[in-house]
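Structure data (mmCIF, C-alpha atoms) from coords_28.cif:
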```cif
data_target
loop_
_atom_site.label_atom_id
_atom_site.label_comp_id
_atom_site.auth_asym_id
_atom_site.auth_seq_id
_atom_site.Cartn_x
_atom_site.Cartn_y
_atom_site.Cartn_z
CA MET A 1012 68.82 5.48 -29.08
CA THR A 1013 65.50 4.20 -27.76
CA PHE A 1014 62.53 6.04 -26.38
CA LEU A 1015 63.71 5.32 -22.81
CA ASP A 1016 66.48 7.87 -23.38
CA ALA A 1017 63.79 10.52 -23.66
CA PHE A 1018 63.02 10.16 -19.96
CA SER A 1019 66.64 10.56 -18.93
CA ARG A 1020 67.15 13.61 -21.11
CA LEU A 1021 63.96 15.31 -19.93
CA PRO A 1022 65.24 17.08 -16.76
CA GLU A 1023 68.22 18.50 -18.59
CA ALA A 1024 66.06 19.81 -21.44
CA ILE A 1025 63.62 21.40 -19.00
CA ASN A 1026 66.44 23.09 -17.08
CA GLU A 1027 67.68 24.46 -20.37
CA LEU A 1028 64.18 25.72 -21.13
CA VAL A 1029 63.90 27.48 -17.75
CA SER A 1030 67.28 29.16 -18.13
CA GLU A 1031 66.17 30.36 -21.57
CA PHE A 1032 63.34 32.27 -19.89
CA SER A 1033 65.57 34.48 -17.75
CA SER A 1034 66.26 37.92 -19.18
CA ALA A 1035 69.26 38.03 -21.50
CA PRO A 1036 70.50 41.16 -23.26
CA VAL A 1037 69.93 41.36 -27.01
CA VAL A 1038 71.38 44.84 -27.48
CA GLY A 1039 73.82 46.35 -24.98
CA ASP A 1040 73.98 44.84 -21.50
CA LEU A 1041 71.49 44.25 -18.67
CA ASN A 1042 71.91 47.78 -17.27
CA ALA A 1043 71.45 49.75 -20.47
CA GLY A 1044 70.09 47.81 -23.40
CA LEU A 1045 67.32 45.57 -24.58
CA THR A 1046 66.56 42.14 -23.22
CA GLN A 1047 64.45 39.76 -25.30
CA TYR A 1048 61.46 40.75 -23.15
CA SER A 1049 61.86 44.50 -23.59
CA PHE A 1050 62.37 43.98 -27.32
CA TRP A 1051 59.01 42.22 -27.64
CA LEU A 1052 57.55 44.82 -25.28
CA LEU A 1053 58.51 47.55 -27.74
CA VAL A 1054 57.18 45.48 -30.64
CA SER A 1055 53.82 45.02 -28.96
CA ALA A 1056 53.64 48.67 -27.94
CA LEU A 1057 54.23 49.60 -31.57
CA LEU A 1058 51.61 47.07 -32.66
CA LEU A 1059 49.13 48.54 -30.18
CA ALA A 1060 49.82 52.05 -31.48
CA ILE A 1061 49.25 50.90 -35.06
CA ILE A 1062 46.01 49.13 -34.11
CA VAL A 1063 44.67 52.11 -32.17
CA PHE A 1064 45.54 54.67 -34.85
CA ALA A 1065 44.04 52.45 -37.55
CA PHE A 1066 40.95 52.12 -35.37
CA VAL A 1067 40.64 55.88 -34.87
CA ARG A 1068 41.04 56.47 -38.60
CA LYS A 1069 38.40 53.90 -39.52
CA GLN A 1070 35.90 54.86 -36.85
CA ALA A 1071 32.56 55.99 -38.20
CA LEU A 1072 29.08 56.63 -36.88
CA VAL A 1073 28.02 53.14 -37.91
CA PRO A 1074 30.95 50.75 -37.24
CA LYS A 1075 31.63 48.33 -40.08
CA GLY A 1076 33.77 45.22 -40.26
CA VAL A 1077 35.31 42.82 -37.76
CA PHE A 1078 38.28 45.03 -36.84
CA VAL A 1079 36.41 48.21 -35.87
CA ASN A 1080 33.64 46.28 -34.14
CA GLY A 1081 36.13 44.10 -32.27
CA VAL A 1082 38.15 47.00 -30.88
CA GLU A 1083 34.95 48.87 -30.05
CA TYR A 1084 33.62 45.82 -28.22
CA LEU A 1085 36.77 45.64 -26.07
CA VAL A 1086 36.68 49.38 -25.32
CA GLU A 1087 33.02 49.15 -24.32
CA TYR A 1088 33.77 46.07 -22.27
CA VAL A 1089 36.30 48.03 -20.20
CA GLU A 1090 33.95 50.98 -20.03
CA ASN A 1091 30.87 49.09 -18.87
CA ASP A 1092 32.31 46.19 -16.91
CA VAL A 1093 35.33 47.78 -15.25
CA ALA A 1094 34.95 51.55 -15.24
CA LYS A 1095 31.19 51.90 -14.73
CA GLY A 1096 30.75 48.68 -12.81
CA VAL A 1097 33.59 48.99 -10.30
CA VAL A 1098 34.72 52.63 -10.08
CA GLY A 1099 31.17 53.99 -10.08
CA THR A 1100 30.16 57.62 -10.61
CA ASP A 1101 33.70 58.90 -11.19
CA TRP A 1102 34.39 56.41 -13.97
CA ARG A 1103 34.93 58.99 -16.71
CA ARG A 1104 38.08 60.38 -15.07
CA HIS A 1105 39.71 56.97 -14.58
CA PHE A 1106 38.60 55.32 -17.83
CA PRO A 1107 41.69 56.38 -19.90
CA PHE A 1108 44.09 54.93 -17.35
CA LEU A 1109 42.18 51.67 -16.99
CA ALA A 1110 41.79 51.24 -20.75
CA THR A 1111 45.51 51.94 -21.30
CA ILE A 1112 46.53 49.31 -18.77
CA PHE A 1113 44.04 46.79 -20.14
CA PHE A 1114 45.09 47.13 -23.78
CA PHE A 1115 48.80 47.24 -22.99
CA ILE A 1116 48.70 44.01 -20.97
CA LEU A 1117 46.34 42.36 -23.46
CA ILE A 1118 48.54 43.04 -26.50
CA ASN A 1119 51.65 41.94 -24.59
CA ASN A 1120 50.05 38.67 -23.50
CA PHE A 1121 48.82 37.88 -26.98
CA VAL A 1122 52.11 38.77 -28.67
CA GLY A 1123 53.80 36.38 -26.23
CA LEU A 1124 51.52 33.56 -27.37
CA VAL A 1125 52.80 33.66 -30.95
CA PRO A 1126 55.47 30.93 -31.16
CA GLY A 1127 58.97 32.42 -31.14
CA MET A 1128 57.88 35.64 -29.51
CA LYS A 1129 58.10 36.49 -25.82
CA PRO A 1130 55.46 38.26 -23.72
CA GLY A 1131 56.66 41.64 -22.45
CA THR A 1132 54.72 40.91 -19.28
CA GLY A 1133 56.71 37.70 -18.73
CA ALA A 1134 59.51 39.63 -17.01
CA ILE A 1135 59.11 40.73 -13.39
CA GLY A 1136 60.55 44.18 -14.17
CA CYS A 1137 57.74 45.05 -16.58
CA THR A 1138 54.92 43.89 -14.30
CA ALA A 1139 56.56 45.63 -11.33
CA ALA A 1140 56.63 48.88 -13.30
CA LEU A 1141 52.96 48.49 -14.22
CA ALA A 1142 52.03 47.75 -10.61
CA LEU A 1143 54.06 50.71 -9.36
CA VAL A 1144 52.31 53.04 -11.80
CA THR A 1145 48.96 51.72 -10.59
CA PHE A 1146 50.00 52.17 -6.97
CA ILE A 1147 51.12 55.78 -7.51
CA TYR A 1148 47.95 56.47 -9.48
CA PHE A 1149 45.50 55.34 -6.82
CA VAL A 1150 47.45 56.85 -3.93
CA TYR A 1151 47.61 60.14 -5.87
CA PHE A 1152 43.87 60.19 -6.46
CA GLY A 1153 43.19 59.20 -2.85
CA CYS A 1154 45.36 62.10 -1.67
CA LYS A 1155 43.68 64.44 -4.15
CA LYS A 1156 40.25 63.52 -2.91
CA HIS A 1157 40.86 63.49 0.86
CA GLY A 1158 44.07 65.53 1.19
CA VAL A 1159 47.31 63.79 2.22
CA ILE A 1160 46.52 63.72 5.94
CA GLY A 1161 42.91 62.83 5.22
CA TYR A 1162 43.93 59.93 2.98
CA ILE A 1163 46.33 58.55 5.57
CA LYS A 1164 43.58 58.81 8.18
CA SER A 1165 40.96 57.33 5.88
CA LEU A 1166 42.90 54.07 5.63
CA ALA A 1167 41.36 53.05 8.96
CA PRO A 1168 37.59 52.50 8.74
CA ALA A 1169 35.49 55.13 10.49
CA GLY A 1170 33.48 54.13 13.53
CA VAL A 1171 36.06 51.93 15.22
CA MET A 1172 36.96 52.65 18.87
CA PHE A 1173 40.29 54.36 19.62
CA PRO A 1174 42.74 51.57 20.53
CA MET A 1175 41.45 49.18 17.87
CA ASN A 1176 41.56 52.02 15.39
CA VAL A 1177 45.37 52.15 15.40
CA PHE A 1178 45.63 48.39 15.11
CA VAL A 1179 43.30 48.26 12.09
CA TRP A 1180 45.19 51.20 10.53
CA VAL A 1181 48.50 49.31 10.74
CA ILE A 1182 46.95 46.27 9.07
CA GLU A 1183 45.41 48.46 6.34
CA VAL A 1184 48.76 50.13 5.65
CA PHE A 1185 50.37 46.71 5.40
CA SER A 1186 47.75 45.50 2.92
CA LEU A 1187 48.13 48.77 0.98
CA LEU A 1188 51.85 48.19 0.58
CA LEU A 1189 51.23 44.56 -0.36
CA ARG A 1190 48.90 45.50 -3.26
CA PRO A 1191 51.55 46.49 -5.88
CA ILE A 1192 53.62 43.43 -4.98
CA THR A 1193 50.73 41.01 -5.45
CA LEU A 1194 49.69 42.78 -8.67
CA ALA A 1195 53.19 42.40 -10.11
CA ILE A 1196 53.73 38.81 -8.99
CA ARG A 1197 50.31 37.60 -10.16
CA LEU A 1198 50.76 38.80 -13.73
CA PHE A 1199 54.42 37.72 -13.93
CA CYS A 1200 53.78 34.23 -12.51
CA ASN A 1201 50.81 33.64 -14.80
CA MET A 1202 52.71 34.48 -17.96
CA PHE A 1203 55.96 32.80 -16.85
CA ALA A 1204 54.35 29.59 -15.61
CA GLY A 1205 52.05 29.30 -18.61
CA HIS A 1206 54.94 29.57 -21.05
CA ILE A 1207 57.09 27.14 -19.05
CA VAL A 1208 54.29 24.56 -19.10
CA MET A 1209 53.74 24.98 -22.85
CA GLY A 1210 57.49 24.76 -23.43
CA SER A 1211 57.88 21.58 -21.38
CA PHE A 1212 55.07 19.82 -23.21
CA SER A 1213 56.49 20.74 -26.60
CA ILE A 1214 59.93 19.52 -25.44
CA MET A 1215 58.39 16.24 -24.29
CA ALA A 1216 56.60 15.81 -27.62
CA ALA A 1217 59.85 16.45 -29.50
CA LEU A 1218 61.98 14.16 -27.30
CA PHE A 1219 59.63 11.19 -27.61
CA ALA A 1220 59.23 11.55 -31.37
CA GLN A 1221 62.96 12.01 -32.04
CA PRO A 1222 63.95 8.29 -32.22
CA LEU A 1223 61.21 7.67 -34.79
CA LEU A 1224 62.42 10.52 -36.95
CA GLU A 1225 66.00 9.25 -36.84
CA HIS A 1226 65.29 5.58 -37.46
CA VAL A 1227 61.91 4.11 -38.40
CA SER A 1228 61.14 0.88 -36.57
CA ALA A 1229 58.17 -0.67 -34.77
CA MET A 1230 59.80 -0.13 -31.37
CA ASN A 1231 60.43 3.56 -32.04
CA ALA A 1232 56.92 4.02 -33.39
CA LEU A 1233 55.55 2.57 -30.14
CA GLY A 1234 57.83 4.91 -28.18
CA ALA A 1235 56.60 7.90 -30.14
CA LEU A 1236 52.95 7.23 -29.23
CA PRO A 1237 53.08 9.33 -26.01
CA SER A 1238 54.15 12.35 -27.99
CA VAL A 1239 50.71 12.36 -29.63
CA ALA A 1240 49.23 12.70 -26.15
CA TRP A 1241 51.74 15.43 -25.24
CA LEU A 1242 50.80 17.28 -28.41
CA ALA A 1243 47.10 17.06 -27.56
CA ILE A 1244 47.79 18.36 -24.04
CA LEU A 1245 49.93 21.13 -25.53
CA LEU A 1246 47.03 22.25 -27.74
CA ILE A 1247 44.63 22.23 -24.77
CA ILE A 1248 47.09 24.25 -22.66
CA TYR A 1249 47.52 26.67 -25.55
CA ALA A 1250 43.76 27.19 -25.61
CA VAL A 1251 43.78 27.73 -21.84
CA GLU A 1252 46.62 30.23 -22.23
CA LEU A 1253 44.53 32.17 -24.77
CA ILE A 1254 41.87 32.53 -22.08
CA VAL A 1255 44.48 33.30 -19.39
CA ALA A 1256 46.00 36.07 -21.53
CA PHE A 1257 42.63 37.80 -21.58
CA VAL A 1258 41.66 37.01 -17.98
CA GLN A 1259 44.95 38.32 -16.56
CA ALA A 1260 44.59 41.63 -18.41
CA TYR A 1261 41.03 41.80 -17.10
CA VAL A 1262 42.01 40.89 -13.53
CA PHE A 1263 44.81 43.48 -13.43
CA THR A 1264 42.43 46.17 -14.68
CA VAL A 1265 39.61 45.20 -12.32
CA LEU A 1266 41.96 45.18 -9.34
CA ALA A 1267 43.33 48.59 -10.33
CA ALA A 1268 39.74 49.82 -10.54
CA VAL A 1269 38.89 48.29 -7.14
CA TYR A 1270 41.92 49.96 -5.54
CA ILE A 1271 41.01 53.33 -7.09
CA GLN A 1272 37.46 52.93 -5.84
CA ILE A 1273 38.69 52.07 -2.32
CA ALA A 1274 41.11 55.02 -2.31
CA GLU A 1275 38.37 57.46 -3.31
CA ALA A 1276 35.59 55.99 -1.18
CA GLU A 1277 34.30 58.03 1.75
CA GLY A 1278 34.88 56.83 5.26
CA HIS A 1279 37.27 54.02 4.66
CA MET B 418 61.97 17.50 -3.31
CA GLY B 419 60.82 20.88 -4.61
CA VAL B 420 58.28 19.19 -6.86
CA ILE B 421 56.79 17.29 -3.90
CA GLY B 422 56.57 20.57 -1.99
CA TYR B 423 54.80 22.17 -4.92
CA GLY B 424 52.37 19.25 -5.07
CA LEU B 425 51.58 19.69 -1.39
CA GLY B 426 51.21 23.44 -1.77
CA VAL B 427 48.87 23.25 -4.71
CA ILE B 428 46.35 21.24 -2.66
CA GLY B 429 45.38 24.48 -0.94
CA ALA B 430 44.99 26.41 -4.17
CA GLY B 431 42.99 23.54 -5.69
CA LEU B 432 40.64 23.43 -2.71
CA ALA B 433 40.23 27.20 -2.86
CA ILE B 434 39.34 27.27 -6.55
CA GLY B 435 36.95 24.36 -6.00
CA LEU B 436 35.24 26.26 -3.17
CA ALA B 437 34.99 29.39 -5.31
CA ALA B 438 33.44 27.40 -8.17
CA PHE B 439 31.05 25.72 -5.72
CA GLY B 440 29.94 29.08 -4.35
CA ALA B 441 29.56 30.60 -7.81
CA THR B 442 27.52 27.69 -9.21
CA SER B 443 25.20 27.48 -6.22
CA ALA B 444 24.68 31.24 -6.29
CA MET B 445 23.87 31.08 -10.01
CA ALA B 446 21.50 28.15 -9.45
CA ARG B 447 19.60 30.00 -6.73
CA GLN B 448 19.49 33.30 -8.55
CA PRO B 449 20.05 32.98 -12.30
CA GLU B 450 19.74 36.74 -12.88
CA ILE B 451 22.97 37.36 -10.91
CA GLN B 452 24.95 35.17 -13.35
CA GLY B 453 27.05 37.97 -14.88
CA ARG B 454 28.16 39.51 -11.62
CA ALA B 455 28.72 36.14 -9.95
CA PHE B 456 30.94 35.09 -12.84
CA THR B 457 33.05 38.25 -12.54
CA VAL B 458 33.51 37.70 -8.82
CA PHE B 459 34.34 34.04 -9.45
CA ILE B 460 37.03 34.96 -12.00
CA LEU B 461 38.50 37.48 -9.56
CA ALA B 462 38.51 35.01 -6.68
CA SER B 463 40.08 32.26 -8.74
CA ALA B 464 42.72 34.69 -10.00
CA PHE B 465 43.65 35.44 -6.39
CA THR B 466 43.97 31.79 -5.44
CA GLU B 467 45.53 30.73 -8.71
CA ALA B 468 48.28 33.28 -8.15
CA LEU B 469 49.25 31.47 -4.94
CA GLY B 470 49.57 28.16 -6.76
CA LEU B 471 51.59 29.80 -9.52
CA ILE B 472 53.97 31.44 -7.04
CA GLY B 473 54.70 27.94 -5.76
CA PHE B 474 55.31 26.72 -9.31
CA VAL B 475 57.70 29.54 -10.18
CA VAL B 476 59.58 29.33 -6.86
CA THR B 477 60.02 25.58 -7.43
CA LEU B 478 61.53 26.21 -10.84
CA ILE B 479 63.76 29.09 -9.77
CA SER B 480 65.15 27.64 -6.51
#
```
Structure rendered as structure tokens:
Amino acid sequence: MTFLDAFSRLPEAINELVSEFSSAPVVGDLNAGLTQYSFWLLVSALLLAIIVFAFVRKQALVPKGVFVNGVEYLVEYVENDVAKGVVGTDWRRHFPFLATIFFFILINNFVGLVPGMKPGTGAIGCTAALALVTFIYFVYFGCKKHGVIGYIKSLAPAGVMFPMNVFVWVIEVFSLLLRPITLAIRLFCNMFAGHIVMGSFSIMAALFAQPLLEHVSAMNALGALPSVAWLAILLIIYAVELIVAFVQAYVFTVLAAVYIQIAEAEGH
Amino acid sequence: MGVIGYGLGVIGAGLAIGLAAFGATSAMARQPEIQGRAFTVFILASAFTEALGLIGFVVTLIS
């Protein structure tokens, strides 16, 4: 086997990788049971509970140590940047919801980055559930603030003439219904695509290095050279994914905050 | 074929992220004190456009 075989085996290996990413039941079946994603979802939820309870237990007037300070920094980041910065004066009421969403997505994304584990947010069902909860939450608070009829009316901006009014309202309703869909698809696609890209580069690195591992010769050593490059790219993409894991949690939370702010705003 | 389509589709997302970065850097250069807010808006905007590119990527793989 020479290194040229690696090219011919690449599409097959990548197809295998992609099929590995679709939900498969671990316990029970697809209707009632655990897929590999929901298993890691439970693991990360448990991990989050442990972290938060440990944090509450260790909390003191003067925070000490990396752990307490780190969690406190993240909580204050959500509080100042998302809740106070986007929601505005009503931030105290919405802060628990926003912080819950942020930490849940964050822990899921980071658990998925550990090799061998899967991100709970890498399945469309999980992100759709999160987006649906967000949708119900901001529609509920919009209705609470303006009344049901008032909220439906407030979708169209005030101060627009009568016939245009209806037209703008239809567009606003359409964009309102599109919000949970885009929220779900953005998070899912980011996690899914990131893991597929990391997986393909590690497969490429393995395929090119395989001949050298089986039989040491000058030709095979030359063929294995690209796998060094693939490995370097893999490390860079892993670093990017570390940033993406944080940014996606942040983006989801900020968008939820923006939608809450829009739903509660006067005259829109 | 799907890969070529994805390559064509990602041109738009690439242009959009480039434009967002251009706007953010020129805004920061003109008004350095707005750096924090401009960066937040830039991250949001690039997340919006990046999602479009990623939808193309995932659809290519699934179809």
List as CSV every residue of segment 1190-1215 of chain A that is in contact with segment 1032-1054 of chain A, defined as an atom at most 10 Å from one of its atoms (using only C-alpha atoms), together with the nearest atom pair and the distance in Å rounded to one decimal, sorted by chain and then rising number.
```
residue,atom,partner,partner_atom,distance
A:Phe1203,CA,A:Phe1032,CA,8.0
A:His1206,CA,A:Phe1032,CA,8.9
A:Ile1207,CA,A:Phe1032,CA,8.1
```
Would you kindly translate the PyMOL selection byres ((chain B and resi 441) around 10) into the concrete residues it picks from this file, as number ranges by chain?
B: 435-440, 442-446, 451-452, 454-460
Original post:
Applied to this file, what does the PyMOL selection byres ((chain A) within 12 of (chain B)) return in terms of residues, put as an MDAnalysis selection string?
Top reply: chainID A and resid 1022 1025:1030 1032:1033 1092:1093 1096:1097 1133 1135 1190 1192:1208 1254:1255 1257:1266 1269
For Leu1253 of chain A, which residue out of A:Val1171, A:Val1122, A:Ala1142, A:Ala1216 is the nearest one, using all atoms listed in the file?
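Ranked by minimum distance to Leu1253 of chain A, first place goes to A:Val1122.
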Residues in the PyMOL selection byres ((chain A and resi 1108) around 10), expressed as a PDB file with C-alpha atoms, keeping the file's coordinate frame:
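The result, stored in selection30.pdb:
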```
ATOM      1  CA  ALA A1094      34.950  51.550 -15.240  1.00  0.00           C
ATOM      2  CA  ARG A1104      38.080  60.380 -15.070  1.00  0.00           C
ATOM      3  CA  HIS A1105      39.710  56.970 -14.580  1.00  0.00           C
ATOM      4  CA  PHE A1106      38.600  55.320 -17.830  1.00  0.00           C
ATOM      5  CA  PRO A1107      41.690  56.380 -19.900  1.00  0.00           C
ATOM      6  CA  LEU A1109      42.180  51.670 -16.990  1.00  0.00           C
ATOM      7  CA  ALA A1110      41.790  51.240 -20.750  1.00  0.00           C
ATOM      8  CA  THR A1111      45.510  51.940 -21.300  1.00  0.00           C
ATOM      9  CA  ILE A1112      46.530  49.310 -18.770  1.00  0.00           C
ATOM     10  CA  PHE A1113      44.040  46.790 -20.140  1.00  0.00           C
ATOM     11  CA  THR A1145      48.960  51.720 -10.590  1.00  0.00           C
ATOM     12  CA  TYR A1148      47.950  56.470  -9.480  1.00  0.00           C
ATOM     13  CA  THR A1264      42.430  46.170 -14.680  1.00  0.00           C
ATOM     14  CA  ALA A1267      43.330  48.590 -10.330  1.00  0.00           C
ATOM     15  CA  ALA A1268      39.740  49.820 -10.540  1.00  0.00           C
TER      16      ALA A1268
END
```
So which one's closest to Pro1222 of chain A, A:Met1209, A:Leu1057, A:Val1150, A:Leu1236? Using all atoms listed in the file, please.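 Result for the nearest residue to Pro1222 of chain A: A:Leu1236.
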For this session: Quote the spacing between atom CA of Asn1231 of chain A and atom CA of Phe1219 of chain A in Å to one decimal place.
Result: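 Atom CA of Phe1219 of chain A lies at a distance of 8.9 Å from atom CA of Asn1231 of chain A.
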Record the distance separating atom CA of Trp1241 of chain A and atom CA of Ala1217 of chain A, expressed in Å with one decimal.
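According to the coordinates, atom CA of Trp1241 of chain A and atom CA of Ala1217 of chain A are separated by 9.2 Å.
Across the structure, atom CA of Ala1017 of chain A and atom CA of Val1227 of chain A are spaced 16.2 Å apart.
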